[in-house]
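This report concerns only the one structure given below.
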Amino acid sequence: MRFLIFVGSERDSTPPRPARLGLRVVKAIETRLSASHVDFESVDPLQIDLPPPFKPHFSYARGKAPDQLDELARKISEADGYVMTSPEYNHSMSPTLAHLLNHFGSSLFSYKPSAIVTYSAGQWGGARAAVNMRSFLSELGCLPVSAMIHVPKAQEVFDETGSYLEGIDPGHWDTYLDRTIKQLFWWAEAAKHQRRSGSIKTPEAFTKAPSQRNAPG
């Protein structure tokens with residue numbers, strides 16, 4: 001199976017300190033995925049040049065979308081599941097993550113699971129952002145698994161490489177992270193089997209315009 005980990009922030013400045021706190025969390029998730037011997041790749045919005053003004057990938061004529069959008073669309077389509085990481089902004093998910101994901105229609109994400117991972121430099125671990133992310137990801141088509149990961153004071157848990165800092169109990173945290181990751185694997189395997197079997201005819205996903213979601217007139 002193959003998974004994409006979305007880095008939920010492009011903020012690379014201080015304050016807050018340390019800069020790009022989310023990368024520590026992403027690298028910790030990468031370590032747990034590596035231990036499970038699955039294929040994965042992290043998607044960093046700082047490495048993707050999204051051209052203004054906003055225009056979704058599916059709005060371009062065939063062959064006319066920017067190369068980076070085409071490449072990411074292919075990776076999303078080929079993935080079996082997703083890990084969505086985000087800090088909390090005004091009790092909501094990262095605007096950077098929402099902006100990036102909104103470039104792609106649900107047809108690329110549909111019938112695949114996702115895992116929600118939030119973090120903060122403070123005590124709440126981004127938990128309120130996770131509430132917002134549940135509805136967002138469900139509408140996108142990649143239903144989030146029930147177990148979530150919240151990392152409060154992430155700078156006191158992980159170093160720059162995603163390794164645990166001195167004084168942190170690795171067994172406690174590995175068990176916590178793996179609970180969500182194992183749920184993601186279970187649902188990803190089940191969904192992949194169903195997609196391949198063709199035993200259930202799935203309706204067409206939203207691919208062109210928001211009016212496709214409307215009830216018949």
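Ligands are numbered from 1 in the order shown, chains are lettered A, B, ... in the order of the structure tokens, and residues start at 1 in each chain.
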
TODO: Could you please write out, as a ChimeraX atom specification, every residue of stretch 14-207 of chain A that DSSP assigns to strand (DSSP E or B)?
DONE: /A:39-43,81-86,89,92,114-119,144,149-151,158,164

Task: Gap from atom CA of A:Tyr111 to atom CA of A:Leu33 - Å, one decimal - done: 21.0 Å

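Residues in contact with stretch 25-30 of chain A at up to 9 Å, not including ones fewer than 3 positions away on its chain and judged by only C-alpha atoms, are Ile5, Phe6, Val7, Leu21, Gly22, Leu33, Ser34, Ala35, Phe40, Glu41, Ser42, Val83, Thr85, Val117, Thr118, Tyr119, Val151, Ala154, Phe158, Glu160, Thr161, Gly162, Ser163, Tyr164, Leu177 and Ile181 of chain A.
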
Output the selection as a PDB file, in the first residue's frame - N, CA and C atoms for each residue.
```
ATOM      1  N   ILE A   5       1.600  11.715   3.100  1.00  0.00           N
ATOM      2  CA  ILE A   5       1.535  12.520   4.320  1.00  0.00           C
ATOM      3  C   ILE A   5       1.559  13.983   3.896  1.00  0.00           C
ATOM      4  N   PHE A   6       0.512  14.714   4.235  1.00  0.00           N
ATOM      5  CA  PHE A   6       0.457  16.126   3.875  1.00  0.00           C
ATOM      6  C   PHE A   6       0.971  16.978   5.034  1.00  0.00           C
ATOM      7  N   VAL A   7       2.001  17.771   4.752  1.00  0.00           N
ATOM      8  CA  VAL A   7       2.517  18.730   5.730  1.00  0.00           C
ATOM      9  C   VAL A   7       1.536  19.892   5.766  1.00  0.00           C
ATOM     10  N   LEU A  21       7.348  23.652  13.159  1.00  0.00           N
ATOM     11  CA  LEU A  21       7.148  22.633  14.197  1.00  0.00           C
ATOM     12  C   LEU A  21       6.507  21.375  13.626  1.00  0.00           C
ATOM     13  N   GLY A  22       5.631  21.560  12.645  1.00  0.00           N
ATOM     14  CA  GLY A  22       4.924  20.418  12.072  1.00  0.00           C
ATOM     15  C   GLY A  22       5.833  19.407  11.404  1.00  0.00           C
ATOM     16  N   LEU A  33       5.619   4.822   9.995  1.00  0.00           N
ATOM     17  CA  LEU A  33       5.258   4.169   8.735  1.00  0.00           C
ATOM     18  C   LEU A  33       6.401   3.295   8.239  1.00  0.00           C
ATOM     19  N   SER A  34       7.635   3.776   8.397  1.00  0.00           N
ATOM     20  CA  SER A  34       8.799   2.985   7.989  1.00  0.00           C
ATOM     21  C   SER A  34       8.867   1.684   8.766  1.00  0.00           C
ATOM     22  N   ALA A  35       8.530   1.736  10.051  1.00  0.00           N
ATOM     23  CA  ALA A  35       8.557   0.532  10.884  1.00  0.00           C
ATOM     24  C   ALA A  35       7.536  -0.495  10.416  1.00  0.00           C
ATOM     25  N   PHE A  40       5.477   5.312   1.334  1.00  0.00           N
ATOM     26  CA  PHE A  40       4.875   6.601   1.652  1.00  0.00           C
ATOM     27  C   PHE A  40       5.721   7.729   1.100  1.00  0.00           C
ATOM     28  N   GLU A  41       5.095   8.896   1.032  1.00  0.00           N
ATOM     29  CA  GLU A  41       5.783  10.116   0.599  1.00  0.00           C
ATOM     30  C   GLU A  41       5.131  11.295   1.293  1.00  0.00           C
ATOM     31  N   SER A  42       5.937  12.261   1.694  1.00  0.00           N
ATOM     32  CA  SER A  42       5.411  13.474   2.309  1.00  0.00           C
ATOM     33  C   SER A  42       5.275  14.574   1.265  1.00  0.00           C
ATOM     34  N   VAL A  83      -2.334  10.773   5.397  1.00  0.00           N
ATOM     35  CA  VAL A  83      -2.154  11.307   6.740  1.00  0.00           C
ATOM     36  C   VAL A  83      -2.160  12.821   6.609  1.00  0.00           C
ATOM     37  N   THR A  85      -1.729  16.311   8.406  1.00  0.00           N
ATOM     38  CA  THR A  85      -1.206  16.971   9.607  1.00  0.00           C
ATOM     39  C   THR A  85      -1.537  18.454   9.565  1.00  0.00           C
ATOM     40  N   VAL A 117      -3.882  14.178  12.112  1.00  0.00           N
ATOM     41  CA  VAL A 117      -2.802  14.414  13.065  1.00  0.00           C
ATOM     42  C   VAL A 117      -2.696  15.919  13.289  1.00  0.00           C
ATOM     43  N   THR A 118      -2.911  16.360  14.518  1.00  0.00           N
ATOM     44  CA  THR A 118      -2.782  17.788  14.822  1.00  0.00           C
ATOM     45  C   THR A 118      -1.736  17.988  15.905  1.00  0.00           C
ATOM     46  N   TYR A 119      -1.246  19.204  15.996  1.00  0.00           N
ATOM     47  CA  TYR A 119      -0.175  19.507  16.935  1.00  0.00           C
ATOM     48  C   TYR A 119      -0.234  20.983  17.310  1.00  0.00           C
ATOM     49  N   VAL A 151      -0.781  16.229  19.377  1.00  0.00           N
ATOM     50  CA  VAL A 151       0.525  16.363  20.025  1.00  0.00           C
ATOM     51  C   VAL A 151       0.642  17.756  20.638  1.00  0.00           C
ATOM     52  N   ALA A 154       4.561  20.068  21.045  1.00  0.00           N
ATOM     53  CA  ALA A 154       5.311  19.146  20.190  1.00  0.00           C
ATOM     54  C   ALA A 154       6.812  19.390  20.244  1.00  0.00           C
ATOM     55  N   PHE A 158       9.368  16.001  20.266  1.00  0.00           N
ATOM     56  CA  PHE A 158      10.204  15.591  19.135  1.00  0.00           C
ATOM     57  C   PHE A 158      11.306  16.606  18.864  1.00  0.00           C
ATOM     58  N   GLU A 160      14.336  17.868  15.808  1.00  0.00           N
ATOM     59  CA  GLU A 160      14.226  18.235  14.394  1.00  0.00           C
ATOM     60  C   GLU A 160      14.137  17.024  13.471  1.00  0.00           C
ATOM     61  N   THR A 161      14.602  15.869  13.930  1.00  0.00           N
ATOM     62  CA  THR A 161      14.576  14.665  13.101  1.00  0.00           C
ATOM     63  C   THR A 161      13.323  13.830  13.337  1.00  0.00           C
ATOM     64  N   GLY A 162      12.461  14.267  14.247  1.00  0.00           N
ATOM     65  CA  GLY A 162      11.289  13.487  14.592  1.00  0.00           C
ATOM     66  C   GLY A 162      11.553  12.443  15.653  1.00  0.00           C
ATOM     67  N   SER A 163      12.768  12.422  16.212  1.00  0.00           N
ATOM     68  CA  SER A 163      13.105  11.492  17.291  1.00  0.00           C
ATOM     69  C   SER A 163      12.619  12.065  18.618  1.00  0.00           C
ATOM     70  N   TYR A 164      12.417  11.198  19.596  1.00  0.00           N
ATOM     71  CA  TYR A 164      11.942  11.650  20.891  1.00  0.00           C
ATOM     72  C   TYR A 164      13.058  12.363  21.658  1.00  0.00           C
ATOM     73  N   LEU A 177       0.757   6.655  18.646  1.00  0.00           N
ATOM     74  CA  LEU A 177       0.786   6.924  17.211  1.00  0.00           C
ATOM     75  C   LEU A 177       0.306   5.717  16.414  1.00  0.00           C
ATOM     76  N   ILE A 181      -2.396   4.795  13.184  1.00  0.00           N
ATOM     77  CA  ILE A 181      -1.797   4.283  11.956  1.00  0.00           C
ATOM     78  C   ILE A 181      -2.329   2.895  11.618  1.00  0.00           C
TER      79      ILE A 181
END
```

Task: Among listed residues A:Ile76, A:Val38, A:Met84, A:Ala121, nearest A:Ala98 (using only C-alpha atoms) - done: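 Closest residue, counting only C-alpha atoms: A:Met84.
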
TODO: Give the helix (DSSP H, G or I) residues of stretch 85-203 of chain A, as assigned by DSSP on the backbone, as an NGL selection string.
DONE: :A and (95-101 or 106-109 or 127-140 or 154-156 or 170-197)

Task: Pick from A:Gln68, A:Pro144, A:His91, A:Pro52, whichever lies nearest to A:Thr180 using only C-alpha atoms - done: A:Pro144

- [ ] Identify which of the residues A:Ser114, A:Thr14, A:Gln183, A:Gln123 lies closest to A:Ala147, counting only C-alpha atoms when measuring atom-to-atom distances.
- [x] A:Gln183

Open item on the list: Restricting the calculation to only C-alpha atoms: of A:Ser107, A:Asn90, A:Thr96, A:Ser120, which residue gets closest to A:Phe58?
Closed with: A:Ser107

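For the residues A:Ala129, A:Ser106, A:Arg32, A:Met93, ranking by smallest atom-to-atom distance to A:Gly171 using only C-alpha atoms places A:Arg32 first.
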
TODO: May I ask for the distance between atom CA of A:Gly198 and atom CA of A:Met133, given in Å to one decimal place?
DONE: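 Here the two named atoms are 29.5 Å from each other.
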
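With only C-alpha atoms as the atoms that count, the minimum distance from A:Pro51 to the choices A:Arg2, A:Lys182, A:His103, A:Arg24 is reached by A:His103.
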
Open item on the list: Residues within 10 Å of A:Ala191, please, as an MDAnalysis selection string. Count only C-alpha atoms; anything in the same chain fewer than 2 positions from it doesn't count.
Closed with: chainID A and resid 80:81 110:113 185:189 193:197

TODO: To one decimal in Å, tell me the separation between atom CA of A:Glu156 and atom CA of A:Ser92.
DONE: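 Computing the Euclidean distance for atom CA of A:Glu156 and atom CA of A:Ser92 yields 23.0 Å.
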